[in-house]
Amino acid sequence: MHILLVEDEQRLSKALKQILEENRYMVDAVYNGEDGLNYGLSGIYDVIILDIMLPRLDGISVAKSLRQSSINTPIIMLTARDSVNDKINGLDSGADDYMTKPFAPRELLARIRAVTRRQGEVLADVLECGDFSFNTSTNEISKGDKTIRLNYKEAEILKLLTLRKNVIVSKEDLISKVWGYDSDAGDSNVEAYISFVRKKLSFIQSEMTILSYKKLGYRLEAK
Ligand code: CA
């Protein structure tokens, strides 16, 4: 799981990064709101930990901009302030949870688990992807009166590409998320499954397809 940590207090950032890494999270730490927004817009993170009082751009504005750009990564806001107004502003801006400093690291870890679990539940639903919809509980894609079912791996691939629709997803990422870190799957497995998904997208006559970028990976795009 990949976490973006946006916190300008170097000591706190360093301490949090260490605790998170000890708990097997990958962490990218940035120290101002502008960097936080740019990194967050990549769509690659599973959770964003976002301080409110930040140089260049405050955390509330960062959260609002991310949500306006359809980035639905769970956000946990951090702040030293503890007024009811700040909590309301934070949650209204699109944050999923709120923590007042100082806090116990164990509590932050519990909140991270809670927001990612909720994200998982949200996924068991219908995703709209361009001109077709993707029911992630039945693994069916439909457009108009055409519907076709994807098998497990095809569905996992499409889910990943849909959730990261503005970024190129690498083959390595697809292998580790769909086949697992320890698998023997290679590039040819990914290529085969990508072509199966493309065929199913053409079957429902979707304008969306999976484009490949040499050496970089794949992206779901309109033709
Ligand atoms: Ca701060």
# chains A, B, ... in the order shown; residues from 1 in each chain; ligands from 1

call {"tool": "residues_around", "arguments": {"residues": "Glu172 in chain A", "least_positions_apart": "3", "cutoff": "12 Å", "atoms": "only C-alpha atoms", "output": "PyMOL selection string"}}
result
chain A and resi 168-169+175-191+215-218

call {"tool": "residues_near_ligand", "arguments": {"ligand": "ligand 1", "cutoff": "6 Å", "atoms": "only C-alpha atoms and all ligand atoms", "output": "NGL selection string"}}
result
:A and (7-9 or 51 or 53-54)

call {"tool": "write_last_selection", "arguments": {"atoms": "C-alpha atoms", "output": "mmCIF file, in the first residue's frame"}}
result
data_model
loop_
_atom_site.group_PDB
_atom_site.id
_atom_site.type_symbol
_atom_site.label_atom_id
_atom_site.label_comp_id
_atom_site.auth_asym_id
_atom_site.auth_seq_id
_atom_site.Cartn_x
_atom_site.Cartn_y
_atom_site.Cartn_z
ATOM 1 C CA GLU A 7 3.354 17.480 6.371
ATOM 2 C CA ASP A 8 5.668 20.483 6.622
ATOM 3 C CA GLU A 9 7.009 19.808 10.129
ATOM 4 C CA ASP A 51 -1.811 18.473 7.186
ATOM 5 C CA MET A 53 -1.562 24.319 7.868
ATOM 6 C CA LEU A 54 0.922 24.025 5.006
#

call {"tool": "residues_around", "arguments": {"residues": "Gly43 in chain A", "least_positions_apart": "5", "cutoff": "8 Å", "atoms": "only C-alpha atoms", "output": "PyMOL selection string"}}
result
chain A and resi 71+73+163-164+166-167

call {"tool": "write_last_selection", "arguments": {"atoms": "C-alpha atoms", "output": "PDB file, in the first residue's frame"}}
result
ATOM      1  CA  ILE A  71      -9.243  11.812  -7.319  1.00  0.00           C
ATOM      2  CA  THR A  73      -8.074   8.563  -2.699  1.00  0.00           C
ATOM      3  CA  LEU A 163      -9.294   3.731 -10.769  1.00  0.00           C
ATOM      4  CA  ARG A 164      -6.121   5.282 -12.162  1.00  0.00           C
ATOM      5  CA  ASN A 166      -5.436   9.593 -15.722  1.00  0.00           C
ATOM      6  CA  VAL A 167      -2.138   7.799 -15.331  1.00  0.00           C
TER       7      VAL A 167
END

call {"tool": "select_by_dssp", "arguments": {"residues": "range 29-74 of chain A", "states": "helix (DSSP H, G or I)", "output": "JSON, numbers by chain"}}
result
{"A": [33, 34, 35, 36, 37, 38, 39, 40, 59, 60, 61, 62, 63, 64, 65, 66, 67, 68]}

call {"tool": "closest_atom_pairs", "arguments": {"of": "range 64-151 of chain A", "to": "range 206-211 of chain A", "cutoff": "12 Å", "atoms": "only C-alpha atoms", "output": "Markdown table"}}
result
| residue | atom | partner | partner_atom | distance |
| --- | --- | --- | --- | --- |
| A:Glu128 | CA | A:Met208 | CA | 11.5 |
| A:Cys129 | CA | A:Met208 | CA | 8.0 |
| A:Gly130 | CA | A:Met208 | CA | 6.6 |
| A:Asp131 | CA | A:Ser206 | CA | 6.3 |
| A:Phe132 | CA | A:Ser206 | CA | 6.4 |
| A:Ser133 | CA | A:Ser206 | CA | 9.9 |
| A:Phe134 | CA | A:Ser206 | CA | 11.8 |
| A:Ile141 | CA | A:Ser206 | CA | 9.8 |
| A:Ser142 | CA | A:Ser206 | CA | 8.7 |
| A:Lys143 | CA | A:Ser206 | CA | 6.7 |
| A:Gly144 | CA | A:Ser206 | CA | 9.5 |
| A:Asp145 | CA | A:Ser206 | CA | 11.7 |
| A:Lys146 | CA | A:Ser206 | CA | 9.7 |
| A:Thr147 | CA | A:Ser206 | CA | 10.8 |
| A:Ile148 | CA | A:Ser206 | CA | 11.7 |

call {"tool": "closest_residue", "arguments": {"among": "A:Lys214, A:Arg106, A:Arg219, A:Lys64", "to": "Arg198 in chain A", "atoms": "only C-alpha atoms"}}
result
A:Arg219

call {"tool": "closest_residue", "arguments": {"among": "A:Ile19, A:Gln10, A:Val27, A:Ile44", "to": "Asp173 in chain A", "atoms": "only C-alpha atoms"}}
result
A:Ile44

call {"tool": "atom_distance", "arguments": {"atom1": "CA of Leu127 in chain A", "atom2": "CA of Glu156 in chain A"}}
result
12.9 Å

call {"tool": "closest_residue", "arguments": {"among": "A:Ala29, A:Ala222, A:Leu57, A:Val47", "to": "Arg117 in chain A", "atoms": "only C-alpha atoms"}}
result
A:Val47

call {"tool": "closest_residue", "arguments": {"among": "A:Thr136, A:Leu41, A:Leu5, A:Ile112", "to": "Gln18 in chain A", "atoms": "only C-alpha atoms"}}
result
A:Leu5

call {"tool": "closest_residue", "arguments": {"among": "A:Ile49, A:Ala110, A:Val197, A:Val115", "to": "Asn151 in chain A", "atoms": "only C-alpha atoms"}}
result
A:Val197

call {"tool": "closest_residue", "arguments": {"among": "A:Gln68, A:Thr79, A:Ser170, A:Asn135", "to": "Gly94 in chain A", "atoms": "only C-alpha atoms"}}
result
A:Gln68

call {"tool": "decode", "arguments": {"residues": "range 41-174 of chain A", "atoms": "C-alpha atoms", "output": "PDB file, in the first residue's frame"}}
result
ATOM      1  CA  LEU A  41      -3.150  14.088  -8.762  1.00  0.00           C
ATOM      2  CA  SER A  42      -1.087  11.122 -10.002  1.00  0.00           C
ATOM      3  CA  GLY A  43      -3.818   8.908  -8.556  1.00  0.00           C
ATOM      4  CA  ILE A  44      -1.326   6.233  -7.491  1.00  0.00           C
ATOM      5  CA  TYR A  45      -1.817   6.507  -3.726  1.00  0.00           C
ATOM      6  CA  ASP A  46      -4.024   4.351  -1.532  1.00  0.00           C
ATOM      7  CA  VAL A  47      -4.211   6.957   1.255  1.00  0.00           C
ATOM      8  CA  ILE A  48      -3.200  10.614   1.588  1.00  0.00           C
ATOM      9  CA  ILE A  49      -2.267  11.981   5.016  1.00  0.00           C
ATOM     10  CA  LEU A  50      -2.711  15.732   4.715  1.00  0.00           C
ATOM     11  CA  ASP A  51      -1.811  18.473   7.186  1.00  0.00           C
ATOM     12  CA  ILE A  52      -4.084  21.563   7.096  1.00  0.00           C
ATOM     13  CA  MET A  53      -1.562  24.319   7.868  1.00  0.00           C
ATOM     14  CA  LEU A  54       0.922  24.025   5.006  1.00  0.00           C
ATOM     15  CA  PRO A  55       3.126  26.450   3.083  1.00  0.00           C
ATOM     16  CA  ARG A  56       2.105  27.480  -0.484  1.00  0.00           C
ATOM     17  CA  LEU A  57      -1.323  25.806  -0.428  1.00  0.00           C
ATOM     18  CA  ASP A  58      -3.333  24.786   2.646  1.00  0.00           C
ATOM     19  CA  GLY A  59      -4.620  21.252   3.145  1.00  0.00           C
ATOM     20  CA  ILE A  60      -8.287  22.207   2.719  1.00  0.00           C
ATOM     21  CA  SER A  61      -7.575  23.636  -0.764  1.00  0.00           C
ATOM     22  CA  VAL A  62      -5.490  20.573  -1.658  1.00  0.00           C
ATOM     23  CA  ALA A  63      -8.350  18.230  -0.704  1.00  0.00           C
ATOM     24  CA  LYS A  64     -10.902  20.325  -2.630  1.00  0.00           C
ATOM     25  CA  SER A  65      -8.750  20.388  -5.780  1.00  0.00           C
ATOM     26  CA  LEU A  66      -8.146  16.648  -5.622  1.00  0.00           C
ATOM     27  CA  ARG A  67     -11.868  15.916  -5.330  1.00  0.00           C
ATOM     28  CA  GLN A  68     -12.664  18.371  -8.158  1.00  0.00           C
ATOM     29  CA  SER A  69     -10.200  16.411 -10.309  1.00  0.00           C
ATOM     30  CA  SER A  70     -12.066  13.176  -9.471  1.00  0.00           C
ATOM     31  CA  ILE A  71      -9.243  11.812  -7.319  1.00  0.00           C
ATOM     32  CA  ASN A  72     -11.068   9.704  -4.737  1.00  0.00           C
ATOM     33  CA  THR A  73      -8.074   8.563  -2.699  1.00  0.00           C
ATOM     34  CA  PRO A  74      -9.046   8.461   0.996  1.00  0.00           C
ATOM     35  CA  ILE A  75      -7.701  11.533   2.823  1.00  0.00           C
ATOM     36  CA  ILE A  76      -6.913  11.744   6.538  1.00  0.00           C
ATOM     37  CA  MET A  77      -6.478  15.370   7.643  1.00  0.00           C
ATOM     38  CA  LEU A  78      -3.987  16.305  10.337  1.00  0.00           C
ATOM     39  CA  THR A  79      -4.095  19.527  12.267  1.00  0.00           C
ATOM     40  CA  ALA A  80      -2.923  21.157  15.441  1.00  0.00           C
ATOM     41  CA  ARG A  81      -6.188  23.027  15.723  1.00  0.00           C
ATOM     42  CA  ASP A  82      -9.189  21.512  17.360  1.00  0.00           C
ATOM     43  CA  SER A  83     -12.136  23.748  16.629  1.00  0.00           C
ATOM     44  CA  VAL A  84     -15.422  22.315  15.410  1.00  0.00           C
ATOM     45  CA  ASN A  85     -15.241  24.651  12.381  1.00  0.00           C
ATOM     46  CA  ASP A  86     -11.930  23.202  11.246  1.00  0.00           C
ATOM     47  CA  LYS A  87     -13.285  19.692  11.462  1.00  0.00           C
ATOM     48  CA  ILE A  88     -16.347  20.642   9.450  1.00  0.00           C
ATOM     49  CA  ASN A  89     -14.267  22.500   6.826  1.00  0.00           C
ATOM     50  CA  GLY A  90     -11.920  19.553   6.575  1.00  0.00           C
ATOM     51  CA  LEU A  91     -14.676  17.013   6.068  1.00  0.00           C
ATOM     52  CA  ASP A  92     -16.601  19.330   3.705  1.00  0.00           C
ATOM     53  CA  SER A  93     -13.500  19.713   1.545  1.00  0.00           C
ATOM     54  CA  GLY A  94     -13.546  15.990   0.833  1.00  0.00           C
ATOM     55  CA  ALA A  95     -11.456  14.496   3.638  1.00  0.00           C
ATOM     56  CA  ASP A  96     -12.568  11.100   4.931  1.00  0.00           C
ATOM     57  CA  ASP A  97     -11.240  11.403   8.447  1.00  0.00           C
ATOM     58  CA  TYR A  98      -9.670  13.885  10.784  1.00  0.00           C
ATOM     59  CA  MET A  99      -6.952  13.680  13.442  1.00  0.00           C
ATOM     60  CA  THR A 100      -5.937  16.361  15.923  1.00  0.00           C
ATOM     61  CA  LYS A 101      -2.252  16.640  16.844  1.00  0.00           C
ATOM     62  CA  PRO A 102      -0.742  15.290  18.970  1.00  0.00           C
ATOM     63  CA  PHE A 103      -1.989  11.763  18.357  1.00  0.00           C
ATOM     64  CA  ALA A 104      -0.764   8.253  19.036  1.00  0.00           C
ATOM     65  CA  PRO A 105       0.770   6.632  15.930  1.00  0.00           C
ATOM     66  CA  ARG A 106      -1.250   3.507  16.665  1.00  0.00           C
ATOM     67  CA  GLU A 107      -4.427   5.523  16.245  1.00  0.00           C
ATOM     68  CA  LEU A 108      -3.265   6.817  12.855  1.00  0.00           C
ATOM     69  CA  LEU A 109      -2.550   3.245  11.745  1.00  0.00           C
ATOM     70  CA  ALA A 110      -6.064   2.218  12.808  1.00  0.00           C
ATOM     71  CA  ARG A 111      -7.595   5.130  10.869  1.00  0.00           C
ATOM     72  CA  ILE A 112      -5.600   4.195   7.762  1.00  0.00           C
ATOM     73  CA  ARG A 113      -6.951   0.658   7.969  1.00  0.00           C
ATOM     74  CA  ALA A 114     -10.486   1.982   8.429  1.00  0.00           C
ATOM     75  CA  VAL A 115     -10.477   4.385   5.457  1.00  0.00           C
ATOM     76  CA  THR A 116      -8.939   1.823   3.099  1.00  0.00           C
ATOM     77  CA  ARG A 117     -11.528  -0.735   4.173  1.00  0.00           C
ATOM     78  CA  ARG A 118     -14.297   1.750   3.393  1.00  0.00           C
ATOM     79  CA  GLN A 119     -12.708   2.404  -0.003  1.00  0.00           C
ATOM     80  CA  GLY A 120     -12.863  -1.357  -0.648  1.00  0.00           C
ATOM     81  CA  GLU A 121     -16.578  -1.375   0.091  1.00  0.00           C
ATOM     82  CA  VAL A 122     -17.202   1.577  -2.202  1.00  0.00           C
ATOM     83  CA  LEU A 123     -15.545  -0.445  -4.958  1.00  0.00           C
ATOM     84  CA  ALA A 124     -18.128  -3.226  -4.767  1.00  0.00           C
ATOM     85  CA  ASP A 125     -20.344  -1.099  -6.902  1.00  0.00           C
ATOM     86  CA  VAL A 126     -20.788   0.262 -10.385  1.00  0.00           C
ATOM     87  CA  LEU A 127     -17.920   2.282 -11.842  1.00  0.00           C
ATOM     88  CA  GLU A 128     -18.651   4.621 -14.742  1.00  0.00           C
ATOM     89  CA  CYS A 129     -15.791   4.532 -17.232  1.00  0.00           C
ATOM     90  CA  GLY A 130     -16.333   6.831 -20.186  1.00  0.00           C
ATOM     91  CA  ASP A 131     -19.254   5.415 -22.175  1.00  0.00           C
ATOM     92  CA  PHE A 132     -19.587   2.063 -20.385  1.00  0.00           C
ATOM     93  CA  SER A 133     -20.316   0.949 -16.851  1.00  0.00           C
ATOM     94  CA  PHE A 134     -18.466  -1.675 -14.896  1.00  0.00           C
ATOM     95  CA  ASN A 135     -20.266  -3.599 -12.187  1.00  0.00           C
ATOM     96  CA  THR A 136     -17.464  -4.709  -9.893  1.00  0.00           C
ATOM     97  CA  SER A 137     -19.622  -7.159  -7.931  1.00  0.00           C
ATOM     98  CA  THR A 138     -20.702  -9.167 -10.999  1.00  0.00           C
ATOM     99  CA  ASN A 139     -17.603  -8.290 -13.097  1.00  0.00           C
ATOM    100  CA  GLU A 140     -19.844  -7.283 -15.994  1.00  0.00           C
ATOM    101  CA  ILE A 141     -19.248  -4.376 -18.345  1.00  0.00           C
ATOM    102  CA  SER A 142     -22.168  -2.867 -20.226  1.00  0.00           C
ATOM    103  CA  LYS A 143     -22.953  -0.235 -22.784  1.00  0.00           C
ATOM    104  CA  GLY A 144     -26.523   0.235 -23.982  1.00  0.00           C
ATOM    105  CA  ASP A 145     -28.103  -3.218 -24.291  1.00  0.00           C
ATOM    106  CA  LYS A 146     -24.749  -5.025 -24.585  1.00  0.00           C
ATOM    107  CA  THR A 147     -23.240  -6.711 -21.545  1.00  0.00           C
ATOM    108  CA  ILE A 148     -20.334  -9.097 -21.190  1.00  0.00           C
ATOM    109  CA  ARG A 149     -18.743 -10.737 -18.208  1.00  0.00           C
ATOM    110  CA  LEU A 150     -15.026 -10.495 -17.448  1.00  0.00           C
ATOM    111  CA  ASN A 151     -13.098 -13.257 -15.748  1.00  0.00           C
ATOM    112  CA  TYR A 152     -11.322 -12.543 -12.475  1.00  0.00           C
ATOM    113  CA  LYS A 153      -7.975 -11.342 -13.873  1.00  0.00           C
ATOM    114  CA  GLU A 154      -9.562  -9.302 -16.659  1.00  0.00           C
ATOM    115  CA  ALA A 155     -11.766  -7.594 -14.082  1.00  0.00           C
ATOM    116  CA  GLU A 156      -8.831  -6.859 -11.760  1.00  0.00           C
ATOM    117  CA  ILE A 157      -6.899  -5.312 -14.655  1.00  0.00           C
ATOM    118  CA  LEU A 158      -9.816  -3.151 -15.735  1.00  0.00           C
ATOM    119  CA  LYS A 159     -10.470  -2.085 -12.132  1.00  0.00           C
ATOM    120  CA  LEU A 160      -6.897  -0.888 -11.729  1.00  0.00           C
ATOM    121  CA  LEU A 161      -6.975   0.991 -15.046  1.00  0.00           C
ATOM    122  CA  THR A 162     -10.340   2.561 -14.211  1.00  0.00           C
ATOM    123  CA  LEU A 163      -9.294   3.731 -10.769  1.00  0.00           C
ATOM    124  CA  ARG A 164      -6.121   5.282 -12.162  1.00  0.00           C
ATOM    125  CA  LYS A 165      -7.723   6.581 -15.295  1.00  0.00           C
ATOM    126  CA  ASN A 166      -5.436   9.593 -15.722  1.00  0.00           C
ATOM    127  CA  VAL A 167      -2.138   7.799 -15.331  1.00  0.00           C
ATOM    128  CA  ILE A 168      -0.221   5.105 -17.165  1.00  0.00           C
ATOM    129  CA  VAL A 169      -0.182   1.868 -15.181  1.00  0.00           C
ATOM    130  CA  SER A 170       3.044  -0.105 -15.532  1.00  0.00           C
ATOM    131  CA  LYS A 171       3.238  -3.816 -16.336  1.00  0.00           C
ATOM    132  CA  GLU A 172       5.053  -4.372 -13.034  1.00  0.00           C
ATOM    133  CA  ASP A 173       2.148  -2.783 -11.163  1.00  0.00           C
ATOM    134  CA  LEU A 174      -0.378  -4.924 -13.001  1.00  0.00           C
TER     135      LEU A 174
END
